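Accompanying notes for the structure given below.
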Amino acid sequence: YVTHEMLLSAEQAIFMVMCNLEDEWTTQRDDICYWLQFITTKRMDYSKHGRDSTHPLHIVLVGSHKDKCSPERLSLLHEQWCQEVKQLQGTFDGKLIIEPEMHFVTCTETGKSAMHLHQTLGRMREEALARKPISMPQLVFHLDTALRNPRTRAALG
């Protein structure tokens, strides 16, 4: 857990907290709750050492191994997670901003679920930057601008 201190101290980070959809429901919930509590506790520890921990952290929940679950199981898990996320949002209110939907993904195929997760992360990034813009080194700014240009992307190829 050596890198956790560095990652958890970033106030504009977006954390993906994952569970395996093949696990029993209680195991999934316990795993997610463990990591949310871990993140919250570590964040509170930083305030004791003079670091700013007043900004809530952004969380997106992800369930892996979607391809190993039947459509019926996915439907049931979707319902269970919709209810659970509401409870988690209340439990961690003010400390964590938890996206209202758990994303179900698989490593064996790309498609709508991966694209939806990608779009969610992009939206969360834009929202975080709108709340508190970060200063960016000039080189990074110029590279980012160039890479957003379609002609530059086409040339890189």
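Letters A, B, ... mark the chains of the structure tokens in the order given; residue numbers begin at 1 per chain; ligand numbers begin at 1, in order shown.
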Report as a PyMOL selection string: the residues of segment 75-144 of chain A with a DSSP assignment of helix (DSSP H, G or I), based on the backbone of this structure. chain A and resi 75-91+112-131+138-144
Can you list, as a PyMOL selection string, every protein, DNA or RNA residue that comes within 10 Å of His116 of chain A when you count only C-alpha atoms, leaving out same-chain residues fewer than 6 positions away? chain A and resi 103-105+122
Just to be explicit: take each residue in the selection above, keep N, CA, C and O atoms, and write the result as a short mmCIF file (atom, residue, chain, number, x, y, z; two decimals), in the first residue's frame.
data_model
loop_
_atom_site.label_atom_id
_atom_site.label_comp_id
_atom_site.auth_asym_id
_atom_site.auth_seq_id
_atom_site.Cartn_x
_atom_site.Cartn_y
_atom_site.Cartn_z
N HIS A 103 -20.89 0.53 -12.78
CA HIS A 103 -20.62 0.13 -14.16
C HIS A 103 -20.20 -1.34 -14.19
O HIS A 103 -19.30 -1.73 -13.46
N PHE A 104 -20.87 -2.11 -15.02
CA PHE A 104 -20.53 -3.52 -15.20
C PHE A 104 -19.68 -3.64 -16.45
O PHE A 104 -20.11 -3.21 -17.53
N VAL A 105 -18.47 -4.21 -16.32
CA VAL A 105 -17.56 -4.30 -17.45
C VAL A 105 -16.97 -5.70 -17.56
O VAL A 105 -17.05 -6.50 -16.64
N GLY A 122 -14.74 10.76 -18.10
CA GLY A 122 -14.48 12.04 -18.76
C GLY A 122 -15.33 13.16 -18.18
O GLY A 122 -14.85 14.27 -17.93
#
Interatomic distance between atom CA of Thr108 of chain A and atom CA of Leu121 of chain A?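 Separation of atom CA of Thr108 of chain A and atom CA of Leu121 of chain A: 20.4 Å.
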In Å, with one decimal, what is the gap from atom CA of Leu36 of chain A to atom CA of Val17 of chain A?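 Going from atom CA of Leu36 of chain A over to atom CA of Val17 of chain A covers 7.7 Å.
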Using Å and a single decimal, report how far atom CA of Pro56 of chain A sits from atom CA of Leu143 of chain A. 29.4 Å
